[in-house]
Structures are given as structure tokens and as C-alpha cells.
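Asker: The structure follows.
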Amino acid sequence: NAGVMQNPRHLVRRRGQEARLRCSPMKGHSHVYWYRQLPEEGLKFMVYLQKENIIDESGMPKERFSAEFPKEGPSILRIQQVVRGDSAAYFCASSPESVQPQHFGDGTRLSIL
Amino acid sequence: GESVGLHLPTLSVQEGDNSIINCAYSNSASDYFIWYKQESGKGPQFIIDIRSNMDKRQGQRVTVLLNKTVKHLSLQIAATQPGDSAVYFCAEGNNFNKFYFGSGTKLNVKP
């Protein structure tokens, strides 16, 4: 039973480019969460999605960041016009229902040149 | 917003000893708590959870204690092994969807 799959594992972008991070939840999981982690810090909640719906995006920056979880395919976290401050590890988690332990992927490490 | 914090940023223990990692949370409405272990370059790995209607829960070599009166959570690891070396995070949830994570405690197990 495959776990949460994130790709790419490492992503390098220049300032002003777009970054697309993908997350395939565990089989049978319909709840997806995105978190951001800076070095030596905890994870910060960004957004919670169910299939085709954004449930809670209170942790998402108002500009340049968007997320989707389409009916088919992986969840996508999209960052437009990246800046150096976007450099971080972005983790995706999934769960079968809410109020369940979330299972995490191994993250995408985004570096902005 | 809610804040979850840890008392000790780094904990060094001798192999075979017991480890206790502490966590304070601020939101008395939180009703679900999870401990995660994160190894370098990996995502957080679920260790154990506890709901607010419990004070204690045991797993394999791990015990979580919840004191709602003082909003304190602890993780006890028995007979700590080198493979336990990692960063440990507590997380609290109260809206059934998002969790607030503490900044983590680094556990260093000395052989």
C-alpha cells in the first residue's frame, strides 16, 4: 500500500518563475492537507482540500499561492512568481476522514535562486 | 492563533534510558493531539495520538500523557534506541481538519 507520494522531491526555480508541487494521497484517502516547513521549525498549515473542494485555506498567502485537488489526478500546490522567501519544504498529508491521523509524504524541497 | 510549544529544543539521552518530551498547547478547545517523529529529509511519521477524553494512551514503547488542566502533553519513550534519534513534534487539532504543530524537540540518543 503506497504512502503519500510527492513530486518532485527537489525543485529549483528562479525568481519570477512558477512552481508546481504534486501530491498523490494514499489510496482511499479523500482529504489532503498542505504544510510548509522552514529549517528548524515546525510545520505550518496552509490548506485543506477534499476532492474538487477547498475546505480551509486560512494558511495560504493571499497572493501567488493556489491549490487544487481535482476529481482525477493528484493535488497541486501552485506558486506563481516565486520569491526567495518561498524557499522551504512543502509537505502534503492525507487522511481517509477528518479527525484522523494524517499520513505525510516526504515533501518537496523548493529552492529559489 | 493557536500556539503549540515545546519546553526543550534539544534532548540528549543515553541509549537504554527513558526519554520524556514535553509540549504545551494554548487552545483549551483542542480535542485531538498527535505526536510525530521526523527524520532528516523525511516527512513526519505518526507515532501515537490521544483524544481529549483520555489522559493516557500507550503504544509500543511509547506513552502519551495529556493533562488538560495545565494544557500539557508529553511523550515518553521507553528504552530509547539510536533509531529514535529524530525531531519530535506535537500537533493539536480542534476543527477536525488542520493541525497546529510545535517547533519540535530534537532527540539525540547517545550510544
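In the C-alpha cells, the first chain shown is A, the next is B, and so on; residue numbers restart at 1 for each chain, and ligands run from 1 in the order shown.
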Please provide as a PyMOL selection string all residues within 6 Å of range 26-40 of chain B, with the sequence filter that same-chain residues fewer than 3 positions apart are discarded (counting only C-alpha atoms).

Answerer: chain B and resi 2-3+43-52+86-94

Asker: Given a cut-off of 7 Å, which residues of chain B touch chain A, counting only C-alpha atoms, written out as a list in words?

Answerer: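 Going by the stated atoms only, the list reads Lys42, Gly43, Pro44, Gln45, Phe46, Phe96, Asn97, Lys98, Phe99, Tyr100, Phe101, Gly102, Ser103 and Gly104 of chain B.
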
Asker: Have a look at CA of Val109 in chain B and CA of Gln14 in chain B and let me know their distance in Å, one decimal.

Answerer: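 Calculated distance between CA of Val109 in chain B and CA of Gln14 in chain B is 5.6 Å.
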
Asker: With a distance cut-off of 10 Å and only C-alpha atoms, select the neighbouring residues of Ser24 in chain A, excluding the residue or stretch itself and same-chain residues fewer than 2 positions from it, and output the selection as a PDB file with N, CA, C and O atoms, in the first residue's frame.

Answerer:
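Below is the file part22.pdb, written as the result:
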ATOM      1  N   ALA A   2       0.945   1.895  -1.139  1.00  0.00           N
ATOM      2  CA  ALA A   2       1.830   3.041  -1.258  1.00  0.00           C
ATOM      3  C   ALA A   2       1.383   4.149  -0.322  1.00  0.00           C
ATOM      4  O   ALA A   2       0.194   4.347  -0.082  1.00  0.00           O
ATOM      5  N   GLY A   3       2.360   4.883   0.182  1.00  0.00           N
ATOM      6  CA  GLY A   3       2.050   6.010   1.037  1.00  0.00           C
ATOM      7  C   GLY A   3       1.749   7.230   0.213  1.00  0.00           C
ATOM      8  O   GLY A   3       1.523   7.173  -0.997  1.00  0.00           O
ATOM      9  N   VAL A   4       1.795   8.391   0.867  1.00  0.00           N
ATOM     10  CA  VAL A   4       1.583   9.649   0.183  1.00  0.00           C
ATOM     11  C   VAL A   4       2.804   9.939  -0.695  1.00  0.00           C
ATOM     12  O   VAL A   4       3.932   9.890  -0.217  1.00  0.00           O
ATOM     13  N   MET A   5       2.553  10.199  -1.953  1.00  0.00           N
ATOM     14  CA  MET A   5       3.654  10.416  -2.901  1.00  0.00           C
ATOM     15  C   MET A   5       3.693  11.872  -3.315  1.00  0.00           C
ATOM     16  O   MET A   5       2.704  12.436  -3.781  1.00  0.00           O
ATOM     17  N   GLN A   6       4.862  12.466  -3.140  1.00  0.00           N
ATOM     18  CA  GLN A   6       5.043  13.847  -3.558  1.00  0.00           C
ATOM     19  C   GLN A   6       6.140  13.917  -4.612  1.00  0.00           C
ATOM     20  O   GLN A   6       7.159  13.242  -4.518  1.00  0.00           O
ATOM     21  N   ASN A   7       5.912  14.763  -5.601  1.00  0.00           N
ATOM     22  CA  ASN A   7       6.977  15.005  -6.587  1.00  0.00           C
ATOM     23  C   ASN A   7       6.873  16.399  -7.146  1.00  0.00           C
ATOM     24  O   ASN A   7       5.794  16.997  -7.141  1.00  0.00           O
ATOM     25  N   ARG A  22       3.287  18.458  -6.633  1.00  0.00           N
ATOM     26  CA  ARG A  22       2.221  17.468  -6.783  1.00  0.00           C
ATOM     27  C   ARG A  22       2.168  16.508  -5.601  1.00  0.00           C
ATOM     28  O   ARG A  22       3.190  16.170  -5.008  1.00  0.00           O
ATOM     29  N   MET A  26      -2.694   8.753  -0.189  1.00  0.00           N
ATOM     30  CA  MET A  26      -2.780   7.307  -0.031  1.00  0.00           C
ATOM     31  C   MET A  26      -4.090   6.814  -0.642  1.00  0.00           C
ATOM     32  O   MET A  26      -5.094   7.524  -0.659  1.00  0.00           O
ATOM     33  N   LYS A  27      -4.069   5.594  -1.089  1.00  0.00           N
ATOM     34  CA  LYS A  27      -5.257   5.003  -1.697  1.00  0.00           C
ATOM     35  C   LYS A  27      -6.408   5.021  -0.699  1.00  0.00           C
ATOM     36  O   LYS A  27      -6.242   4.632   0.470  1.00  0.00           O
ATOM     37  N   HIS A  29      -7.820   7.670   0.485  1.00  0.00           N
ATOM     38  CA  HIS A  29      -7.867   8.929   1.231  1.00  0.00           C
ATOM     39  C   HIS A  29      -8.432  10.038   0.355  1.00  0.00           C
ATOM     40  O   HIS A  29      -7.934  10.267  -0.755  1.00  0.00           O
ATOM     41  N   VAL A  32      -6.872  15.950   1.761  1.00  0.00           N
ATOM     42  CA  VAL A  32      -5.481  16.319   1.513  1.00  0.00           C
ATOM     43  C   VAL A  32      -5.178  17.643   2.209  1.00  0.00           C
ATOM     44  O   VAL A  32      -5.999  18.557   2.225  1.00  0.00           O
ATOM     45  N   PHE A  69      -7.444  20.070  -5.897  1.00  0.00           N
ATOM     46  CA  PHE A  69      -7.487  18.619  -5.760  1.00  0.00           C
ATOM     47  C   PHE A  69      -8.602  18.148  -6.693  1.00  0.00           C
ATOM     48  O   PHE A  69      -9.751  18.022  -6.296  1.00  0.00           O
ATOM     49  N   GLY A  73      -6.598  12.643 -10.589  1.00  0.00           N
ATOM     50  CA  GLY A  73      -5.225  13.120 -10.538  1.00  0.00           C
ATOM     51  C   GLY A  73      -4.821  13.642  -9.176  1.00  0.00           C
ATOM     52  O   GLY A  73      -5.613  13.685  -8.231  1.00  0.00           O
ATOM     53  N   PRO A  74      -3.560  14.072  -9.088  1.00  0.00           N
ATOM     54  CA  PRO A  74      -3.024  14.482  -7.807  1.00  0.00           C
ATOM     55  C   PRO A  74      -3.490  15.870  -7.384  1.00  0.00           C
ATOM     56  O   PRO A  74      -4.036  16.633  -8.182  1.00  0.00           O
ATOM     57  N   SER A  75      -3.243  16.185  -6.134  1.00  0.00           N
ATOM     58  CA  SER A  75      -3.431  17.549  -5.671  1.00  0.00           C
ATOM     59  C   SER A  75      -2.222  18.370  -6.113  1.00  0.00           C
ATOM     60  O   SER A  75      -1.094  17.873  -6.154  1.00  0.00           O
ATOM     61  N   ILE A  76      -2.457  19.614  -6.459  1.00  0.00           N
ATOM     62  CA  ILE A  76      -1.397  20.501  -6.931  1.00  0.00           C
ATOM     63  C   ILE A  76      -1.346  21.736  -6.043  1.00  0.00           C
ATOM     64  O   ILE A  76      -2.377  22.362  -5.784  1.00  0.00           O
ATOM     65  N   CYS A  92       2.800  17.359   2.034  1.00  0.00           N
ATOM     66  CA  CYS A  92       1.410  17.015   1.814  1.00  0.00           C
ATOM     67  C   CYS A  92       1.061  15.865   2.754  1.00  0.00           C
ATOM     68  O   CYS A  92       1.895  14.991   3.027  1.00  0.00           O
ATOM     69  N   ALA A  93      -0.140  15.880   3.260  1.00  0.00           N
ATOM     70  CA  ALA A  93      -0.633  14.793   4.097  1.00  0.00           C
ATOM     71  C   ALA A  93      -2.020  14.405   3.613  1.00  0.00           C
ATOM     72  O   ALA A  93      -2.718  15.200   2.981  1.00  0.00           O
ATOM     73  N   SER A  94      -2.414  13.180   3.915  1.00  0.00           N
ATOM     74  CA  SER A  94      -3.762  12.756   3.554  1.00  0.00           C
ATOM     75  C   SER A  94      -4.361  11.941   4.685  1.00  0.00           C
ATOM     76  O   SER A  94      -3.646  11.391   5.535  1.00  0.00           O
ATOM     77  N   GLY A 105       3.678  12.726   3.183  1.00  0.00           N
ATOM     78  CA  GLY A 105       4.689  12.397   2.192  1.00  0.00           C
ATOM     79  C   GLY A 105       6.047  12.891   2.659  1.00  0.00           C
ATOM     80  O   GLY A 105       6.164  13.494   3.732  1.00  0.00           O
TER      81      GLY A 105
END

Asker: What is the distance, in Å and to one decimal place, between CA of Leu107 in chain B and CA of Arg36 in chain A?

Answerer: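 Pair CA of Leu107 in chain B / CA of Arg36 in chain A returns 21.8 Å.
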
Asker: Need to verify the contact set: Gln80 in chain A, 9 Å, only C-alpha atoms, exclusion of same-chain residues closer than 6 positions in sequence. Can you return it as a PyMOL selection string?

Answerer: chain A and resi 16-20+63-66

Asker: Please write the residues from the selection above to a file, keeping N, CA, C and O atoms, as a compact mmCIF listing (two decimals), in the first residue's frame.

Answerer:
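again.txt, freshly written:
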# COMPACT_ATOMS: atom_id res chain seq x y z
N GLY A 16 10.53 34.70 -9.98
CA GLY A 16 9.59 35.06 -11.04
C GLY A 16 8.99 33.88 -11.77
O GLY A 16 7.98 34.02 -12.45
N GLN A 17 9.60 32.69 -11.63
CA GLN A 17 9.05 31.51 -12.29
C GLN A 17 7.89 30.93 -11.46
O GLN A 17 7.59 31.37 -10.36
N GLU A 18 7.28 29.91 -12.02
CA GLU A 18 6.19 29.22 -11.35
C GLU A 18 6.68 27.89 -10.80
O GLU A 18 7.52 27.22 -11.42
N ALA A 19 6.16 27.51 -9.65
CA ALA A 19 6.48 26.20 -9.07
C ALA A 19 5.18 25.40 -8.94
O ALA A 19 4.17 25.92 -8.47
N ARG A 20 5.24 24.15 -9.37
CA ARG A 20 4.09 23.25 -9.23
C ARG A 20 4.52 22.04 -8.44
O ARG A 20 5.42 21.31 -8.85
N GLU A 63 -1.84 35.98 -2.06
CA GLU A 63 -1.42 36.15 -3.45
C GLU A 63 -0.42 35.08 -3.84
O GLU A 63 0.31 34.54 -3.02
N ARG A 64 -0.41 34.74 -5.08
CA ARG A 64 0.57 33.87 -5.76
C ARG A 64 0.40 32.39 -5.45
O ARG A 64 0.91 31.57 -6.19
N PHE A 65 -0.27 32.04 -4.38
CA PHE A 65 -0.42 30.63 -3.98
C PHE A 65 -1.83 30.15 -4.30
O PHE A 65 -2.81 30.84 -4.03
N SER A 66 -1.91 28.94 -4.85
CA SER A 66 -3.21 28.33 -5.06
C SER A 66 -3.06 26.82 -4.94
O SER A 66 -1.97 26.28 -5.09

Asker: With only C-alpha atoms as the counted atoms, please give the residues lying no more than 10 Å from Leu113 in chain A, apart from itself and same-chain residues fewer than 2 positions off, as a list in words.

Answerer: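 Counting only C-alpha atoms, the residues come to Val12, Arg13, Arg14, Arg15, Gly16, Val82, Val83, Arg84, Ser87, Leu110 and Ser111 of chain A.
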
Asker: Write a file of the just-selected residues containing N, CA and C atoms, as an mmCIF file, in the first residue's frame.

Answerer:
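Full text of again.cif as output:
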data_model
loop_
_atom_site.group_PDB
_atom_site.id
_atom_site.type_symbol
_atom_site.label_atom_id
_atom_site.label_comp_id
_atom_site.auth_asym_id
_atom_site.auth_seq_id
_atom_site.Cartn_x
_atom_site.Cartn_y
_atom_site.Cartn_z
ATOM 1 N N VAL A 12 14.051 23.387 -8.148
ATOM 2 C CA VAL A 12 14.800 24.649 -8.166
ATOM 3 C C VAL A 12 14.157 25.574 -9.179
ATOM 4 N N ARG A 13 13.893 26.786 -8.744
ATOM 5 C CA ARG A 13 13.290 27.777 -9.626
ATOM 6 C C ARG A 13 14.020 29.104 -9.454
ATOM 7 N N ARG A 14 13.963 29.902 -10.496
ATOM 8 C CA ARG A 14 14.483 31.265 -10.422
ATOM 9 C C ARG A 14 13.353 32.197 -10.028
ATOM 10 N N ARG A 15 13.726 33.298 -9.434
ATOM 11 C CA ARG A 15 12.714 34.276 -9.032
ATOM 12 C C ARG A 15 11.836 34.648 -10.223
ATOM 13 N N GLY A 16 10.530 34.695 -9.980
ATOM 14 C CA GLY A 16 9.595 35.057 -11.036
ATOM 15 C C GLY A 16 8.994 33.877 -11.774
ATOM 16 N N VAL A 82 7.600 33.093 -8.070
ATOM 17 C CA VAL A 82 8.255 32.741 -6.815
ATOM 18 C C VAL A 82 9.293 33.786 -6.415
ATOM 19 N N VAL A 83 9.427 33.919 -5.086
ATOM 20 C CA VAL A 83 10.427 34.805 -4.496
ATOM 21 C C VAL A 83 11.297 33.972 -3.557
ATOM 22 N N ARG A 84 12.432 34.551 -3.162
ATOM 23 C CA ARG A 84 13.372 33.797 -2.323
ATOM 24 C C ARG A 84 12.714 33.290 -1.045
ATOM 25 N N SER A 87 11.318 29.674 -0.505
ATOM 26 C CA SER A 87 12.183 28.511 -0.290
ATOM 27 C C SER A 87 11.800 27.830 1.024
ATOM 28 N N LEU A 110 11.788 23.110 -2.065
ATOM 29 C CA LEU A 110 11.790 24.151 -3.091
ATOM 30 C C LEU A 110 12.910 25.136 -2.796
ATOM 31 N N SER A 111 13.754 25.336 -3.781
ATOM 32 C CA SER A 111 14.845 26.305 -3.654
ATOM 33 C C SER A 111 14.679 27.360 -4.728
#

Asker: Would you return as a ChimeraX atom specification the members of range 3-108 of chain A that DSSP assigns to strand (DSSP E or B) on this structure's backbone?

Answerer: /A:5-7,10-13,19-24,31-37,43-50,53-56,65-68,75-79,88-95,103-104,108

Asker: Using only C-alpha atoms, can you tell me which of A:Ile112, A:Ile54, A:Cys23, A:Met60 comes closest to Ala88 in chain A?

Answerer: A:Ile112

Asker: Do you have the CA of Met54 in chain B-CA of Gln76 in chain B distance handy?

Answerer: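 Interatomic distance here is 16.0 Å.
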
Asker: Applying 7 Å and only C-alpha atoms, which residues near range 61-67 of chain B remain after dropping the ones on its own chain fewer than 5 positions away? List them as a ChimeraX atom specification.

Answerer: /B:55-56,72-78
